[in-house]
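Novice: My structure is stored as entry_30.cif, with mmCIF, C-alpha atoms.
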data_data
#
loop_
_atom_site.label_atom_id
_atom_site.label_comp_id
_atom_site.auth_asym_id
_atom_site.auth_seq_id
_atom_site.Cartn_x
_atom_site.Cartn_y
_atom_site.Cartn_z
CA MET A 1 -38.34 -11.73 13.03
CA SER A 2 -40.82 -9.56 11.17
CA GLN A 3 -40.61 -9.11 7.45
CA HIS A 4 -39.71 -5.45 7.94
CA PRO A 5 -37.40 -5.41 10.98
CA ARG A 6 -37.56 -2.38 13.21
CA ASP A 7 -35.74 -1.26 16.30
CA SER A 8 -36.56 -3.86 18.93
CA ASN A 9 -37.31 -1.09 21.44
CA ARG A 10 -39.91 0.59 19.25
CA PRO A 11 -41.72 -2.18 17.35
CA GLU A 12 -44.79 -0.14 16.44
CA ALA A 13 -43.00 3.10 15.62
CA ALA A 14 -42.67 4.55 12.14
CA PRO A 15 -39.36 4.13 10.29
CA PHE A 16 -36.56 6.50 11.18
CA THR A 17 -36.33 9.62 9.05
CA GLU A 18 -33.30 11.68 8.08
CA ARG A 19 -34.02 13.85 11.15
CA THR A 20 -34.03 11.01 13.68
CA PRO A 21 -31.11 11.56 16.10
CA ARG A 22 -29.48 8.16 15.46
CA VAL A 23 -29.62 8.74 11.70
CA VAL A 24 -28.17 12.22 12.18
CA ALA A 25 -25.37 10.74 14.34
CA ALA A 26 -24.64 8.09 11.71
CA ARG A 27 -24.55 10.74 8.99
CA HIS A 28 -21.59 12.34 10.77
CA LEU A 29 -19.66 9.20 9.81
CA THR A 30 -19.78 10.19 6.13
CA ARG A 31 -17.07 12.75 7.02
CA ARG A 32 -13.53 11.89 8.05
CA GLN A 33 -13.62 14.10 11.13
CA GLY A 34 -16.74 12.35 12.35
CA ARG A 35 -15.28 8.90 11.70
CA ASP A 36 -12.03 9.69 13.51
CA LYS A 37 -13.90 11.11 16.50
CA ALA A 38 -16.29 8.16 16.81
CA GLY A 39 -13.89 5.39 15.82
CA ARG A 40 -16.61 4.04 13.53
CA PHE A 41 -17.55 4.12 9.85
CA LEU A 42 -20.39 3.23 7.48
CA VAL A 43 -20.56 0.17 5.25
CA GLU A 44 -23.18 0.22 2.51
CA GLY A 45 -24.62 -2.61 0.44
CA ALA A 46 -25.60 -6.20 1.18
CA GLN A 47 -22.31 -7.83 0.20
CA ALA A 48 -20.15 -5.38 2.17
CA VAL A 49 -22.45 -5.68 5.19
CA ARG A 50 -22.24 -9.48 4.94
CA GLU A 51 -18.44 -9.24 5.04
CA ALA A 52 -18.65 -6.91 8.02
CA LEU A 53 -20.84 -9.39 9.91
CA ALA A 54 -18.25 -12.13 9.29
CA TRP A 55 -15.38 -9.86 10.41
CA GLN A 56 -13.55 -10.95 13.55
CA GLY A 57 -11.67 -7.72 14.13
CA GLY A 58 -14.46 -5.50 15.44
CA GLU A 59 -18.17 -5.03 15.95
CA VAL A 60 -21.15 -4.06 13.84
CA HIS A 61 -23.18 -1.75 16.05
CA GLU A 62 -26.31 -1.09 14.03
CA LEU A 63 -27.99 -1.74 10.70
CA PHE A 64 -30.17 0.83 8.98
CA VAL A 65 -32.41 -0.74 6.35
CA THR A 66 -35.31 0.33 4.18
CA ALA A 67 -38.43 -1.83 3.87
CA THR A 68 -37.51 -2.77 0.29
CA ALA A 69 -33.95 -3.74 1.22
CA ALA A 70 -35.28 -5.74 4.18
CA GLU A 71 -37.42 -7.84 1.85
CA ARG A 72 -34.39 -8.57 -0.34
CA ASN A 73 -32.04 -9.48 2.51
CA THR A 74 -34.05 -11.47 5.02
CA GLU A 75 -31.27 -14.02 5.71
CA LEU A 76 -28.68 -11.32 6.27
CA LEU A 77 -30.96 -9.48 8.70
CA GLN A 78 -31.82 -12.72 10.47
CA SER A 79 -28.10 -13.34 10.98
CA ALA A 80 -27.64 -9.83 12.37
CA SER A 81 -30.67 -10.21 14.65
CA GLU A 82 -29.38 -13.50 16.05
CA ARG A 83 -26.14 -11.74 17.00
CA GLY A 84 -28.06 -9.06 18.88
CA ILE A 85 -27.25 -6.26 16.44
CA ARG A 86 -29.74 -3.41 16.48
CA ILE A 87 -31.74 -3.23 13.25
CA SER A 88 -33.52 0.04 12.50
CA GLU A 89 -35.92 0.53 9.63
CA VAL A 90 -35.45 3.85 7.84
CA THR A 91 -37.20 5.75 5.11
CA ASP A 92 -35.75 5.88 1.62
CA LYS A 93 -34.79 9.52 2.20
CA ALA A 94 -32.96 8.61 5.41
CA ALA A 95 -31.08 5.87 3.58
CA GLU A 96 -30.10 8.37 0.90
CA SER A 97 -28.71 10.69 3.57
CA LEU A 98 -26.38 7.90 4.75
CA SER A 99 -25.29 6.93 1.26
CA GLU A 100 -22.44 8.31 -0.84
CA THR A 101 -23.67 6.63 -4.02
CA VAL A 102 -25.98 7.80 -6.80
CA THR A 103 -28.23 4.76 -6.30
CA PRO A 104 -28.37 3.86 -2.58
CA GLN A 105 -28.79 0.18 -1.79
CA GLY A 106 -30.94 0.77 1.26
CA ILE A 107 -28.81 -1.13 3.79
CA VAL A 108 -26.04 0.49 5.84
CA ALA A 109 -24.04 -0.84 8.79
CA VAL A 110 -22.25 1.15 11.49
CA CYS A 111 -18.94 -0.64 12.17
CA ASP A 112 -15.85 -0.22 14.30
CA ALA A 113 -12.88 1.35 12.52
CA VAL A 114 -10.63 -1.23 10.88
CA PRO A 115 -7.03 0.12 11.15
CA GLN A 116 -4.67 -1.58 13.57
CA SER A 117 -1.34 -0.35 14.87
CA LEU A 118 1.65 -0.84 12.59
CA GLU A 119 3.06 -3.38 15.01
CA ALA A 120 -0.13 -5.43 15.01
CA ALA A 121 -0.55 -5.29 11.24
CA LEU A 122 3.05 -6.41 10.67
CA GLN A 123 3.30 -8.99 13.42
CA GLY A 124 4.73 -12.42 12.67
CA THR A 125 6.73 -12.82 9.49
CA PRO A 126 4.95 -10.90 6.73
CA ARG A 127 6.04 -11.72 3.19
CA LEU A 128 4.08 -9.23 1.11
CA VAL A 129 2.71 -5.81 2.08
CA ALA A 130 1.22 -2.95 0.08
CA VAL A 131 2.02 0.60 1.22
CA LEU A 132 -0.02 3.49 -0.20
CA HIS A 133 1.84 6.79 0.03
CA GLY A 134 0.08 10.05 -0.82
CA VAL A 135 -2.74 8.29 -2.71
CA SER A 136 -5.69 10.66 -2.86
CA ASP A 137 -8.22 8.80 -5.00
CA PRO A 138 -10.41 6.59 -2.78
CA GLY A 139 -11.44 4.34 -5.66
CA ASN A 140 -7.81 3.52 -6.43
CA ALA A 141 -6.97 2.99 -2.75
CA GLY A 142 -9.90 0.62 -2.33
CA THR A 143 -9.02 -1.27 -5.50
CA VAL A 144 -5.39 -1.70 -4.40
CA THR A 145 -6.69 -3.06 -1.09
CA ARG A 146 -8.80 -5.55 -3.03
CA VAL A 147 -5.83 -6.52 -5.24
CA ALA A 148 -3.58 -6.96 -2.19
CA ASP A 149 -6.18 -9.24 -0.64
CA ALA A 150 -6.48 -11.28 -3.85
CA ALA A 151 -2.68 -11.58 -4.14
CA GLY A 152 -2.45 -12.95 -0.61
CA ALA A 153 -0.71 -9.92 0.88
CA ASP A 154 -0.28 -9.82 4.64
CA ALA A 155 -1.31 -6.18 5.17
CA VAL A 156 -2.11 -2.84 3.55
CA ILE A 157 -0.69 0.33 5.08
CA PHE A 158 -1.99 3.84 4.38
CA ALA A 159 1.02 6.13 4.85
CA GLY A 160 1.47 9.88 4.89
CA ASP A 161 -1.21 12.13 3.42
CA THR A 162 -3.26 9.28 1.96
CA VAL A 163 -7.03 8.97 1.69
CA ASP A 164 -8.92 7.56 4.66
CA PRO A 165 -9.50 3.79 4.25
CA HIS A 166 -13.01 4.38 5.66
CA ASN A 167 -13.97 6.80 2.88
CA GLY A 168 -17.24 5.52 1.38
CA LYS A 169 -15.85 5.12 -2.13
CA CYS A 170 -12.73 3.41 -0.80
CA VAL A 171 -14.85 0.96 1.20
CA ARG A 172 -17.01 0.15 -1.83
CA ALA A 173 -14.00 -0.31 -4.13
CA SER A 174 -12.44 -2.77 -1.70
CA THR A 175 -15.58 -4.97 -1.99
CA GLY A 176 -15.13 -6.23 1.55
CA SER A 177 -11.37 -6.82 1.36
CA LEU A 178 -10.67 -4.28 4.11
CA PHE A 179 -12.25 -6.85 6.45
CA HIS A 180 -10.01 -9.68 5.19
CA LEU A 181 -6.48 -8.48 5.96
CA PRO A 182 -4.84 -6.12 8.44
CA ILE A 183 -5.12 -2.42 7.62
CA ALA A 184 -2.86 0.15 9.29
CA ARG A 185 -2.71 3.91 8.94
CA SER A 186 0.01 6.39 9.88
CA ARG A 187 0.57 9.96 8.77
CA ASP A 188 4.29 9.50 9.49
CA ALA A 189 5.66 7.75 6.40
CA ASP A 190 9.10 7.37 7.97
CA GLU A 191 7.48 5.48 10.85
CA VAL A 192 5.86 3.15 8.30
CA PHE A 193 9.14 2.51 6.51
CA ALA A 194 10.95 1.82 9.78
CA ALA A 195 8.23 -0.62 10.91
CA CYS A 196 8.41 -2.47 7.58
CA ARG A 197 12.17 -2.82 7.85
CA GLN A 198 11.88 -4.00 11.45
CA ALA A 199 9.46 -6.68 10.22
CA GLY A 200 12.13 -7.90 7.77
CA LEU A 201 10.58 -6.41 4.65
CA ARG A 202 12.52 -4.97 1.72
CA LEU A 203 11.04 -1.61 0.68
CA VAL A 204 10.51 -1.44 -3.08
CA ALA A 205 9.21 1.65 -4.86
CA ALA A 206 6.90 1.16 -7.82
CA ASP A 207 8.48 3.81 -10.03
CA GLY A 208 7.96 4.27 -13.75
CA TYR A 209 11.40 5.90 -14.01
CA ALA A 210 13.32 3.09 -12.32
CA LYS A 211 16.29 1.62 -14.17
CA GLN A 212 15.37 -2.00 -13.46
CA ASP A 213 12.04 -3.61 -14.30
CA LEU A 214 10.03 -6.46 -12.83
CA VAL A 215 11.22 -9.01 -15.38
CA GLU A 216 14.89 -8.42 -14.53
CA ALA A 217 14.16 -8.45 -10.79
CA SER A 218 12.28 -11.72 -11.12
CA ALA A 219 15.10 -13.31 -13.11
CA ASN A 220 17.55 -12.28 -10.38
CA GLY A 221 15.36 -13.80 -7.67
CA ASP A 222 14.78 -10.42 -6.03
CA LEU A 223 11.01 -10.77 -5.93
CA ARG A 224 11.24 -13.86 -3.73
CA GLN A 225 12.33 -11.72 -0.80
CA PRO A 226 9.81 -10.44 1.76
CA THR A 227 8.68 -7.20 0.17
CA ALA A 228 6.76 -4.06 1.01
CA TRP A 229 5.70 -2.48 -2.28
CA VAL A 230 5.33 1.31 -1.98
CA PHE A 231 2.88 2.94 -4.39
CA GLY A 232 2.60 6.69 -4.94
CA SER A 233 -0.07 9.11 -6.04
CA GLU A 234 -1.99 8.73 -9.28
CA ALA A 235 -0.74 11.93 -10.87
CA HIS A 236 2.87 12.18 -9.72
CA GLY A 237 3.94 8.81 -8.36
CA LEU A 238 6.42 8.80 -5.50
CA PRO A 239 8.52 11.93 -4.78
CA ASP A 240 12.25 11.49 -5.40
CA ALA A 241 12.89 12.15 -1.71
CA VAL A 242 10.69 9.18 -0.78
CA VAL A 243 12.22 6.87 -3.39
CA ALA A 244 15.67 7.72 -1.99
CA LYS A 245 14.61 6.39 1.42
CA LEU A 246 13.60 2.99 0.05
CA ASP A 247 15.79 -0.01 -0.68
CA THR A 248 15.25 -0.11 -4.43
CA SER A 249 12.82 0.85 -7.16
CA LEU A 250 11.31 -1.16 -10.00
CA LYS A 251 9.16 -0.35 -13.01
CA VAL A 252 6.55 -2.34 -14.90
CA PRO A 253 7.84 -2.86 -18.45
CA LEU A 254 5.65 -1.29 -21.13
CA TYR A 255 5.79 -3.18 -24.41
CA GLY A 256 3.20 -1.14 -26.29
CA ALA A 257 2.63 2.55 -26.94
CA ALA A 258 0.87 3.37 -23.65
CA GLU A 259 2.68 6.05 -21.67
CA SER A 260 1.94 4.47 -18.31
CA LEU A 261 -0.40 2.29 -16.25
CA ASN A 262 -2.89 3.60 -13.74
CA LEU A 263 -2.15 3.04 -10.07
CA ALA A 264 -4.44 0.08 -9.46
CA THR A 265 -3.26 -1.78 -12.57
CA ALA A 266 0.41 -1.21 -11.78
CA ALA A 267 -0.16 -2.35 -8.20
CA ALA A 268 -1.84 -5.53 -9.44
CA VAL A 269 1.11 -6.36 -11.72
CA CYS A 270 3.68 -5.69 -8.98
CA LEU A 271 1.90 -7.53 -6.18
CA TYR A 272 1.14 -10.56 -8.31
CA ALA A 273 4.73 -10.70 -9.59
CA SER A 274 5.96 -10.92 -6.00
CA ALA A 275 3.22 -13.35 -4.98
CA ARG A 276 4.06 -15.66 -7.89
CA ASP A 277 7.80 -15.69 -7.22
CA GLN A 278 7.37 -16.13 -3.48
CA ARG A 279 5.09 -19.11 -4.01
CA ASN A 280 7.41 -20.70 -6.56
#
Please render this file's structure as structure tokens.
Specialist:
Amino acid sequence: MSQHPRDSNRPEAAPFTERTPRVVAARHLTRRQGRDKAGRFLVEGAQAVREALAWQGGEVHELFVTATAAERNTELLQSASERGIRISEVTDKAAESLSETVTPQGIVAVCDAVPQSLEAALQGTPRLVAVLHGVSDPGNAGTVTRVADAAGADAVIFAGDTVDPHNGKCVRASTGSLFHLPIARSRDADEVFAACRQAGLRLVAADGYAKQDLVEASANGDLRQPTAWVFGSEAHGLPDAVVAKLDTSLKVPLYGAAESLNLATAAAVCLYASARDQRN
């Protein structure tokens, strides 16, 4: 493999530019409509691309890489080449057009979409699931996905009007975790709740206004049960109408003067509390 890998069908050609048709087609994947239509999304950065290459749930269709990034990631590109993945060298400007970051890393993969059906994501006997309901911030959604992965959760479900798990910022914030555990997406929150119950999960709202807190629930043994934690939006939490549909609600106790915790931090506390009690 050459030091600066190019498309195998055009070995002597100049790098792709931002106007090259395949780059233009890939750029459509920076928008949700384009991703949904193609069933594919972009993964940027060496570590995320490495996780995508190790993923068993779908394919990596193409890598776009600048000459500088190729020099820094020869082993990664060799691995992709050995698997028959198309590697296309691009200009810095073309790489920028595919990036949603201030400082592009110069390596972008085109991958199959990750979400599975609810039934597939919840198959078997799941013990711990994170449900994101109405979460609009992609950084928070990606971080919760990463936390769920770290806590050993069995799945993450994006429910209702929640950010796309393939959003560039969401993908980066997950740091590859979206390739590690099942991801499902449904705009019908009631369908999500029904599927969780059918899988034997107790639906628990993370609600700052709940009467009972995590410490009390843990003491009562409640957190040992198979649980689907439901997390709401950053600004408003879960609507009362949604909380009423769930089995119970719990709050994270605040011992200091802080008014509240942000979504990702609260999710980490809740998921780890359940993970700890389930393992004990």
Novice: For this structure, which residues satisfy the selection - the PyMOL selection byres ((chain A and resi 136) around 10) - when it is evaluated on the file as given? I want them as a list of chain:residue names.
Specialist: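 Checking the PyMOL selection byres ((chain A and resi 136) around 10) against this file, the residues are A:Leu132, A:His133, A:Gly134, A:Val135, A:Asp137, A:Pro138, A:Gly139, A:Asn140, A:Ala141, A:Asp161, A:Thr162, A:Val163, A:Asp164, A:Gly232, A:Ser233, A:Glu234, A:Ala235.
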Novice: If you count all atoms listed in the file, which residues fall within 12 Å of A:Ala67, apart from same-chain ones fewer than 3 positions away, as a list of chain:residue names?
Specialist: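 Near A:Ala67, the qualifying residues are A:Ser2, A:Gln3, A:His4, A:Pro5, A:Arg6, A:Ala14, A:Pro15, A:Phe16, A:Phe64, A:Ala70, A:Glu71, A:Arg72, A:Asn73, A:Thr74, A:Leu77, A:Ile87, A:Ser88, A:Glu89, A:Val90, A:Thr91, A:Asp92, A:Ala94, A:Ala95, A:Gln105, A:Gly106, A:Ile107.
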Novice: Using all atoms listed in the file, which of A:Ala52, A:Leu181, A:Ala267, A:Ala228 sits nearest A:Ala199?
Specialist: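 Of the candidates, the smallest distance to A:Ala199 is held by A:Ala228.
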Novice: Considering all atoms listed in the file, state which residue in the set A:Leu261, A:Leu29, A:Val204, A:Leu214 is at the smallest distance from A:Asp247.
Specialist: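 Counting all atoms listed in the file, the residue closest to A:Asp247 is A:Val204.
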Novice: Taking the file as shown, find all residues satisfying the PyMOL selection byres ((chain A and resi 241-243) around 12) and write them as a ChimeraX atom specification.
Specialist: /A:133-134,159-160,189-190,192-193,203-210,229-233,237-240,244-250
